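Structure file structure.csv; described as CSV, C-alpha atoms.
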```csv
chain,number,residue,atom,x,y,z
J,1432,MET,CA,10.1,6.4,-10.3
J,1433,ASP,CA,8.8,3.9,-12.8
J,1434,ILE,CA,6.1,2.7,-10.4
J,1435,ALA,CA,5.0,6.3,-9.7
J,1436,LYS,CA,4.8,7.0,-13.4
J,1437,ALA,CA,2.8,3.9,-14.0
J,1438,LEU,CA,0.3,4.6,-11.2
J,1439,LEU,CA,-0.2,8.2,-12.4
J,1440,LYS,CA,-0.7,7.0,-16.0
J,1441,ILE,CA,-3.6,4.6,-15.2
J,1442,LYS,CA,-4.9,7.0,-12.5
J,1443,ALA,CA,-4.5,4.4,-9.8
J,1444,VAL,CA,-3.3,7.4,-7.9
J,1445,PHE,CA,-5.1,10.6,-9.0
J,1446,LEU,CA,-4.1,14.1,-7.9
J,1447,SER,CA,-6.7,16.8,-7.9
J,1448,PRO,CA,-5.6,19.8,-5.7
J,1449,ASP,CA,-8.3,22.1,-7.2
J,1450,LYS,CA,-11.2,19.7,-6.7
J,1451,PRO,CA,-10.3,17.6,-3.6
J,1452,PHE,CA,-11.9,14.3,-2.8
J,1453,THR,CA,-13.8,13.8,0.5
J,1454,TRP,CA,-12.6,10.9,2.6
J,1455,ALA,CA,-15.1,8.9,4.8
J,1456,SER,CA,-13.7,10.9,7.8
J,1457,GLY,CA,-14.8,14.1,6.1
J,1458,ILE,CA,-11.3,15.2,5.3
J,1459,LYS,CA,-10.8,17.0,2.0
J,1460,SER,CA,-8.0,15.3,0.2
J,1461,PRO,CA,-6.1,16.3,-3.0
J,1462,ILE,CA,-5.2,12.7,-3.6
J,1463,TYR,CA,-7.1,9.5,-4.3
J,1464,CYS,CA,-5.6,6.1,-4.5
J,1465,ASP,CA,-7.2,2.9,-6.0
J,1466,ASN,CA,-4.5,0.3,-6.7
J,1467,ARG,CA,-7.2,-2.1,-7.8
J,1468,LEU,CA,-6.9,-0.4,-11.2
J,1469,ILE,CA,-3.4,-2.0,-11.5
J,1470,LEU,CA,-5.1,-5.4,-12.1
J,1471,THR,CA,-6.9,-4.1,-15.2
J,1472,ALA,CA,-3.7,-2.7,-16.8
J,1473,PRO,CA,-1.5,-5.7,-17.8
J,1474,ASP,CA,1.7,-3.8,-18.5
J,1475,VAL,CA,1.5,-1.9,-15.1
J,1476,ARG,CA,0.4,-5.1,-13.4
J,1477,LYS,CA,3.5,-6.9,-14.7
J,1478,LEU,CA,5.7,-4.1,-13.5
J,1479,VAL,CA,4.2,-3.9,-10.1
J,1480,GLU,CA,4.1,-7.7,-9.4
J,1481,GLU,CA,7.7,-8.2,-10.6
J,1482,SER,CA,8.7,-5.2,-8.4
J,1483,ILE,CA,7.0,-6.8,-5.4
J,1484,VAL,CA,8.9,-10.0,-6.0
J,1485,ARG,CA,12.2,-8.2,-6.2
J,1486,LYS,CA,11.5,-6.3,-3.0
J,1487,VAL,CA,10.6,-9.5,-1.1
J,1488,LYS,CA,13.7,-11.3,-2.4
J,1489,GLU,CA,15.9,-8.3,-1.5
J,1490,LYS,CA,14.5,-7.4,1.9
J,1491,PHE,CA,13.1,-10.7,3.1
J,1492,PRO,CA,15.0,-13.5,1.3
J,1493,GLU,CA,14.0,-16.1,3.9
J,1494,ALA,CA,10.3,-15.6,3.3
J,1495,GLU,CA,8.3,-18.8,3.2
J,1496,VAL,CA,4.7,-17.5,2.8
J,1497,LEU,CA,3.1,-14.4,1.4
J,1498,MET,CA,-0.1,-13.2,3.0
J,1499,GLY,CA,-2.3,-10.6,1.4
J,1500,THR,CA,-4.4,-8.0,3.2
J,1501,SER,CA,-8.2,-8.1,2.5
J,1502,THR,CA,-9.3,-7.2,0.0
J,1503,ALA,CA,-7.0,-5.2,-2.2
J,1504,GLY,CA,-3.8,-7.0,-1.3
J,1505,ILE,CA,-5.1,-10.5,-2.1
J,1506,ALA,CA,-4.6,-10.5,-5.8
J,1507,HIS,CA,-1.1,-8.9,-5.6
J,1508,ALA,CA,0.0,-11.5,-3.0
J,1509,ALA,CA,-1.4,-14.3,-5.2
J,1510,ILE,CA,0.4,-13.2,-8.3
J,1511,ALA,CA,3.7,-12.5,-6.5
J,1512,ALA,CA,3.5,-15.9,-4.7
J,1513,TRP,CA,2.9,-17.6,-8.0
J,1514,LEU,CA,6.0,-15.9,-9.5
J,1515,MET,CA,8.1,-16.9,-6.5
J,1516,ASP,CA,6.6,-20.4,-6.2
J,1517,LEU,CA,5.6,-19.8,-2.6
J,1518,PRO,CA,2.5,-20.6,-0.6
J,1519,MET,CA,0.0,-17.7,-0.3
J,1520,GLY,CA,-3.0,-16.9,1.9
J,1521,TYR,CA,-4.8,-13.8,3.1
J,1522,VAL,CA,-6.2,-12.3,6.3
J,1523,ARG,CA,-9.8,-11.2,6.5
J,1524,SER,CA,-10.8,-7.9,8.1
J,1525,GLY,CA,-13.0,-10.0,10.5
J,1526,ASN,CA,-13.7,-13.6,11.3
J,1527,LYS,CA,-15.9,-15.4,8.7
J,1528,ASP,CA,-19.4,-15.7,10.1
J,1529,HIS,CA,-19.9,-19.2,8.8
J,1530,GLY,CA,-18.1,-22.5,8.3
J,1531,ARG,CA,-15.0,-22.6,10.5
J,1532,GLY,CA,-15.0,-18.9,11.2
J,1533,ASN,CA,-11.5,-18.3,9.8
J,1534,LYS,CA,-9.8,-15.0,9.8
J,1535,ILE,CA,-6.7,-16.3,8.2
J,1536,GLU,CA,-7.4,-18.1,4.9
J,1537,GLY,CA,-4.8,-20.6,3.6
J,1538,LYS,CA,-2.6,-23.0,5.4
J,1539,LEU,CA,-0.2,-21.4,7.9
J,1540,GLU,CA,2.2,-23.3,10.1
J,1541,LYS,CA,3.4,-21.9,13.4
J,1542,GLY,CA,6.9,-20.5,13.0
J,1543,GLN,CA,6.6,-19.9,9.3
J,1544,LYS,CA,8.3,-16.8,8.0
J,1545,VAL,CA,5.6,-14.5,6.5
J,1546,VAL,CA,5.7,-11.4,4.4
J,1547,VAL,CA,2.5,-9.3,4.2
J,1548,ILE,CA,1.6,-7.8,0.9
J,1549,GLU,CA,-0.4,-4.6,1.1
J,1550,ASP,CA,-1.6,-2.3,-1.6
J,1551,LEU,CA,-1.7,1.0,0.4
J,1552,ILE,CA,-0.5,2.3,3.7
J,1553,SER,CA,-1.9,5.5,5.2
J,1554,THR,CA,-2.2,5.5,9.0
J,1555,GLY,CA,-1.0,1.9,9.1
J,1556,GLY,CA,-3.9,0.7,11.3
J,1557,SER,CA,-5.3,-2.1,9.1
J,1558,CYS,CA,-1.8,-3.3,8.1
J,1559,ILE,CA,-0.8,-3.6,11.8
J,1560,GLU,CA,-4.0,-5.5,12.6
J,1561,VAL,CA,-3.1,-8.1,9.9
J,1562,VAL,CA,0.4,-8.5,11.3
J,1563,GLU,CA,-0.9,-8.9,14.8
J,1564,THR,CA,-3.4,-11.5,13.6
J,1565,LEU,CA,-0.7,-13.5,12.0
J,1566,ARG,CA,1.6,-13.2,15.0
J,1567,GLU,CA,-1.2,-14.5,17.3
J,1568,ALA,CA,-1.5,-17.5,15.0
J,1569,GLY,CA,2.2,-18.2,15.6
J,1570,ALA,CA,3.7,-16.8,12.3
J,1571,ASP,CA,7.1,-15.1,12.3
J,1572,VAL,CA,6.1,-11.9,10.4
J,1573,LEU,CA,9.2,-10.6,8.7
J,1574,GLY,CA,7.6,-7.4,7.5
J,1575,VAL,CA,5.4,-5.8,4.9
J,1576,VAL,CA,5.8,-5.0,1.2
J,1577,SER,CA,3.3,-2.3,0.0
J,1578,ILE,CA,2.7,-0.8,-3.4
J,1579,PHE,CA,2.2,2.8,-2.2
J,1580,THR,CA,2.5,4.7,1.1
J,1581,TYR,CA,1.5,8.2,2.0
J,1582,GLY,CA,4.4,8.4,4.4
J,1583,MET,CA,2.3,10.1,7.1
J,1584,GLU,CA,4.2,10.6,10.3
J,1585,LYS,CA,1.3,9.1,12.2
J,1586,GLY,CA,1.5,6.0,10.1
J,1587,LYS,CA,5.2,5.6,10.4
J,1588,GLN,CA,5.1,6.0,14.2
J,1589,LYS,CA,2.3,3.4,14.6
J,1590,LEU,CA,4.3,0.9,12.5
J,1591,LYS,CA,7.4,1.5,14.5
J,1592,GLU,CA,5.6,1.1,17.8
J,1593,ALA,CA,4.1,-2.2,16.5
J,1594,GLY,CA,7.5,-3.4,15.4
J,1595,VAL,CA,6.4,-3.6,11.8
J,1596,ILE,CA,8.9,-3.1,9.0
J,1597,ASN,CA,7.4,-1.8,5.7
J,1598,TYR,CA,9.0,-1.3,2.3
J,1599,SER,CA,6.9,0.4,-0.3
J,1600,LEU,CA,7.5,0.4,-4.1
J,1601,THR,CA,6.8,4.1,-4.2
J,1602,ASN,CA,5.6,6.9,-1.9
J,1603,PHE,CA,3.9,10.3,-1.8
J,1604,ASP,CA,7.0,12.4,-2.2
J,1605,THR,CA,8.2,10.5,-5.2
J,1606,LEU,CA,4.7,10.6,-6.8
J,1607,CYS,CA,4.6,14.4,-6.4
J,1608,GLU,CA,8.0,14.8,-7.9
J,1609,VAL,CA,7.1,12.7,-10.9
J,1610,ALA,CA,3.7,14.4,-11.3
J,1611,VAL,CA,5.4,17.8,-11.7
J,1612,VAL,CA,8.0,16.5,-14.2
J,1613,GLU,CA,5.3,14.7,-16.2
J,1614,GLY,CA,3.0,17.7,-16.2
J,1615,TYR,CA,0.1,16.2,-14.2
J,1616,ILE,CA,0.4,19.1,-11.6
J,1617,THR,CA,2.2,22.4,-11.3
J,1618,PRO,CA,4.9,23.2,-8.8
J,1619,GLN,CA,2.3,25.3,-6.9
J,1620,ASP,CA,0.1,22.2,-6.8
J,1621,GLU,CA,3.0,20.3,-5.3
J,1622,VAL,CA,3.2,22.9,-2.5
J,1623,LYS,CA,-0.5,22.3,-1.7
J,1624,LEU,CA,-0.1,18.6,-1.7
J,1625,LYS,CA,2.9,18.6,0.7
J,1626,LYS,CA,1.1,21.1,3.0
J,1627,PHE,CA,-1.9,18.7,3.1
J,1628,MET,CA,0.4,15.8,4.0
J,1629,GLU,CA,1.8,17.8,6.9
J,1630,ASN,CA,-1.6,17.8,8.6
J,1631,PRO,CA,-4.5,16.2,6.6
J,1632,SER,CA,-7.0,17.5,9.1
J,1633,ASP,CA,-6.1,21.1,8.5
J,1634,PRO,CA,-8.0,22.4,5.4
J,1635,SER,CA,-5.8,25.4,5.0
J,1636,TRP,CA,-3.7,23.6,2.5
J,1637,MET,CA,-6.3,24.5,-0.1
J,1638,GLU,CA,-5.3,28.2,0.3
J,1639,ALA,CA,-1.6,27.6,-0.1
```

The structure in this file should be written as structure tokens.
Amino acid sequence: MDIAKALLKIKAVFLSPDKPFTWASGIKSPIYCDNRLILTAPDVRKLVEESIVRKVKEKFPEAEVLMGTSTAGIAHAAIAAWLMDLPMGYVRSGNKDHGRGNKIEGKLEKGQKVVVIEDLISTGGSCIEVVETLREAGADVLGVVSIFTYGMEKGKQKLKEAGVINYSLTNFDTLCEVAVVEGYITPQDEVKLKKFMENPSDPSWMEA
């Protein structure tokens, strides 16, 4: 709950059921997430990075390398790797168009045990692409540690089908619960938010 409280406090996750945001897909959403704001809030940054380290040590104690997702996961992977004294790299969204044309940045040996650090998981597509890139390069990808997940059924199913294990520091349900207790939203707002999550493409949540 501490992570959820912190993200709400700095508006890294912002809830606005009455004035929804418009996603690139056109979907009207009552939630907006920008975990880059964590980096500009030292107290929250410390909490998040130490929590990532604990999660990696707890779930993937044999981890040898941390790999960040481009671009939002890079800084978190770097800080966590520094705290753990581990090598770190990151995976580009596409091959570099100059130099050696790398998609994976940083030294990676075949067979090395890797944990991917991700800031946000929604449908899971971009995270799975990173994992598959690392696997193709010969890495033994143990799993993913993410800061926040929407917990969408579509995303969970895609991760399962791809054989990707994810552990998030906090999730949508916890965030809603904390938001009500802390007075960011009303219980009726929580109903709207949960209805939205059942089917983001259905705008009827706004009338709940």

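With all atoms listed in the file as the atoms that count, the residue of J:Ala1455, J:Ala1512, J:Ile1535, J:Ile1578 with the shortest distance to J:Val1475 is J:Ile1578.
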
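Reported to one decimal place, the separation of atom CA of J:Met1432 from atom CA of J:Ala1494 is 25.9 Å.
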
Interatomic distance (Å, one decimal) between atom CA of J:Met1628 and atom CA of J:Ile1552: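 Separation between atom CA of J:Met1628 and atom CA of J:Ile1552: 13.5 Å.
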
Atom CA of J:Ala1472 to atom CA of J:Asn1597, straight-line distance in Å: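 Calculated distance between atom CA of J:Asn1597 and atom CA of J:Ala1472 is 25.1 Å.
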
Given only C-alpha atoms as the counted atoms, nearest of J:Thr1502, J:Asn1533, J:Thr1580, J:Ser1524 to J:Tyr1598: J:Thr1580

Distance query J:Ser1447 at most 9 Å, only C-alpha atoms, self and fewer than 3 positions along chain excluded, as JSON, numbers by chain: {"J": [1450, 1451, 1452, 1460, 1461, 1462, 1463, 1616, 1620]}

Could those residues be written to a file, using C-alpha atoms, as a short mmCIF file (atom, residue, chain, number, x, y, z; two decimals), in the coordinates of the input?
```
data_model
loop_
_atom_site.label_atom_id
_atom_site.label_comp_id
_atom_site.auth_asym_id
_atom_site.auth_seq_id
_atom_site.Cartn_x
_atom_site.Cartn_y
_atom_site.Cartn_z
CA LYS J 1450 -11.20 19.70 -6.70
CA PRO J 1451 -10.30 17.60 -3.60
CA PHE J 1452 -11.90 14.30 -2.80
CA SER J 1460 -8.00 15.30 0.20
CA PRO J 1461 -6.10 16.30 -3.00
CA ILE J 1462 -5.20 12.70 -3.60
CA TYR J 1463 -7.10 9.50 -4.30
CA ILE J 1616 0.40 19.10 -11.60
CA ASP J 1620 0.10 22.20 -6.80
#
```

Residues within 10 Å of (-3.8, -14.3, -4.2), counting all atoms listed in the file, listed as a PyMOL selection string: chain J and resi 1497-1500+1502-1513+1518-1521+1548

How close does stretch 1566-1630 of chain J get to stretch 1540-1543 of chain J? List, as CSV, each residue of stretch 1566-1630 of chain J within 7 Å, its nearest atom pair and the distance in Å to one decimal, counting all atoms listed in the file.
```
residue,atom,partner,partner_atom,distance
J:Ala1568,CA,J:Lys1541,CA,6.8
J:Gly1569,CA,J:Lys1541,CA,4.5
J:Ala1570,CA,J:Gly1542,CA,4.9
J:Asp1571,CA,J:Gly1542,CA,5.4
```

Write the selection just made, keeping C-alpha atoms, as a PDB file, keeping the file's coordinate frame?
```pdb
ATOM      1  CA  ALA J1568      -1.500 -17.500  15.000  1.00  0.00           C
ATOM      2  CA  GLY J1569       2.200 -18.200  15.600  1.00  0.00           C
ATOM      3  CA  ALA J1570       3.700 -16.800  12.300  1.00  0.00           C
ATOM      4  CA  ASP J1571       7.100 -15.100  12.300  1.00  0.00           C
TER       5      ASP J1571
END
```

Polymer residues at most 12 Å from J:Ser1635, only C-alpha atoms, same-chain spacing of 2 or more positions, as an MDAnalysis selection string: chainID J and resid 1458:1460 1622:1633 1637:1639

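Among the candidates J:Gly1582, J:Val1576, J:Val1547, J:Val1612, the residue lying nearest to J:Glu1560 is J:Val1547 (atoms considered: only C-alpha atoms).
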
J:Val1484, J:Ile1559, J:Leu1539, J:Ile1434 ranked by distance to J:Lys1589, top pick (using all atoms listed in the file):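 Using all atoms listed in the file, the shortest distance to J:Lys1589 belongs to J:Ile1559.
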
Best match for closeness to J:Thr1554 among J:Val1479, J:Ala1443, J:Leu1590, J:Leu1468, counting only C-alpha atoms: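 Closest candidate: J:Leu1590.
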
Distance query J:Val1572 at most 8 Å, all atoms listed in the file, self and fewer than 5 positions along chain excluded, as a ChimeraX atom specification: /J:1544-1547,1562,1565-1566

For J:Lys1486, the nearest of the candidates J:Val1595, J:Ala1435, J:Met1515, J:Cys1607, counting all atoms listed in the file: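 Among the listed residues, J:Met1515 lies closest to J:Lys1486.
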
Output file: stretch 1568-1579 of chain J, all heavy atoms, as a compact mmCIF listing (two decimals), in the first residue's frame:
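What ended up in decode15.txt:
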```txt
# COMPACT_ATOMS: atom_id res chain seq x y z
N ALA J 1568 18.46 -13.64 -27.89
CA ALA J 1568 19.89 -13.37 -27.74
C ALA J 1568 20.57 -14.41 -26.84
O ALA J 1568 21.78 -14.33 -26.58
CB ALA J 1568 20.09 -11.97 -27.16
N GLY J 1569 19.78 -15.36 -26.34
CA GLY J 1569 20.35 -16.43 -25.52
C GLY J 1569 20.24 -16.24 -24.03
O GLY J 1569 20.77 -17.06 -23.25
N ALA J 1570 19.56 -15.19 -23.59
CA ALA J 1570 19.41 -14.95 -22.15
C ALA J 1570 18.40 -15.91 -21.53
O ALA J 1570 17.45 -16.35 -22.19
CB ALA J 1570 18.97 -13.51 -21.90
N ASP J 1571 18.61 -16.23 -20.28
CA ASP J 1571 17.65 -17.00 -19.50
C ASP J 1571 16.83 -15.98 -18.71
O ASP J 1571 17.24 -15.53 -17.64
CB ASP J 1571 18.39 -17.95 -18.55
CG ASP J 1571 17.44 -18.75 -17.66
OD1 ASP J 1571 16.21 -18.65 -17.86
OD2 ASP J 1571 17.94 -19.46 -16.77
N VAL J 1572 15.68 -15.58 -19.27
CA VAL J 1572 14.86 -14.54 -18.64
C VAL J 1572 14.03 -15.17 -17.52
O VAL J 1572 13.12 -15.97 -17.76
CB VAL J 1572 13.94 -13.85 -19.66
CG1 VAL J 1572 13.13 -12.75 -18.97
CG2 VAL J 1572 14.75 -13.26 -20.80
N LEU J 1573 14.35 -14.79 -16.30
CA LEU J 1573 13.66 -15.35 -15.13
C LEU J 1573 12.26 -14.78 -14.99
O LEU J 1573 11.33 -15.46 -14.56
CB LEU J 1573 14.47 -15.07 -13.86
CG LEU J 1573 15.91 -15.58 -13.86
CD1 LEU J 1573 16.61 -15.16 -12.56
CD2 LEU J 1573 15.95 -17.09 -14.02
N GLY J 1574 12.11 -13.50 -15.32
CA GLY J 1574 10.81 -12.86 -15.18
C GLY J 1574 10.92 -11.35 -15.20
O GLY J 1574 11.96 -10.79 -15.58
N VAL J 1575 9.85 -10.71 -14.79
CA VAL J 1575 9.73 -9.25 -14.84
C VAL J 1575 9.35 -8.71 -13.47
O VAL J 1575 8.54 -9.32 -12.76
CB VAL J 1575 8.65 -8.83 -15.86
CG1 VAL J 1575 8.48 -7.31 -15.89
CG2 VAL J 1575 8.96 -9.38 -17.24
N VAL J 1576 9.93 -7.58 -13.11
CA VAL J 1576 9.48 -6.83 -11.94
C VAL J 1576 9.02 -5.47 -12.46
O VAL J 1576 9.80 -4.75 -13.09
CB VAL J 1576 10.59 -6.65 -10.88
CG1 VAL J 1576 10.13 -5.68 -9.79
CG2 VAL J 1576 10.96 -8.00 -10.26
N SER J 1577 7.76 -5.16 -12.25
CA SER J 1577 7.19 -3.89 -12.72
C SER J 1577 6.73 -3.05 -11.53
O SER J 1577 6.45 -3.59 -10.45
CB SER J 1577 6.03 -4.13 -13.68
OG SER J 1577 5.03 -4.92 -13.07
N ILE J 1578 6.64 -1.76 -11.76
CA ILE J 1578 6.20 -0.87 -10.69
C ILE J 1578 4.68 -0.92 -10.52
O ILE J 1578 4.17 -1.03 -9.41
CB ILE J 1578 6.66 0.58 -10.98
CG1 ILE J 1578 8.19 0.64 -11.00
CG2 ILE J 1578 6.11 1.54 -9.91
CD1 ILE J 1578 8.74 1.97 -11.48
N PHE J 1579 3.98 -0.87 -11.65
CA PHE J 1579 2.51 -0.82 -11.60
C PHE J 1579 1.92 -1.67 -12.71
O PHE J 1579 2.44 -1.69 -13.83
CB PHE J 1579 2.02 0.62 -11.74
CG PHE J 1579 0.52 0.78 -11.77
CD1 PHE J 1579 -0.22 0.67 -10.60
CD2 PHE J 1579 -0.15 1.02 -12.96
CE1 PHE J 1579 -1.60 0.81 -10.63
CE2 PHE J 1579 -1.52 1.17 -13.00
CZ PHE J 1579 -2.26 1.06 -11.82
```
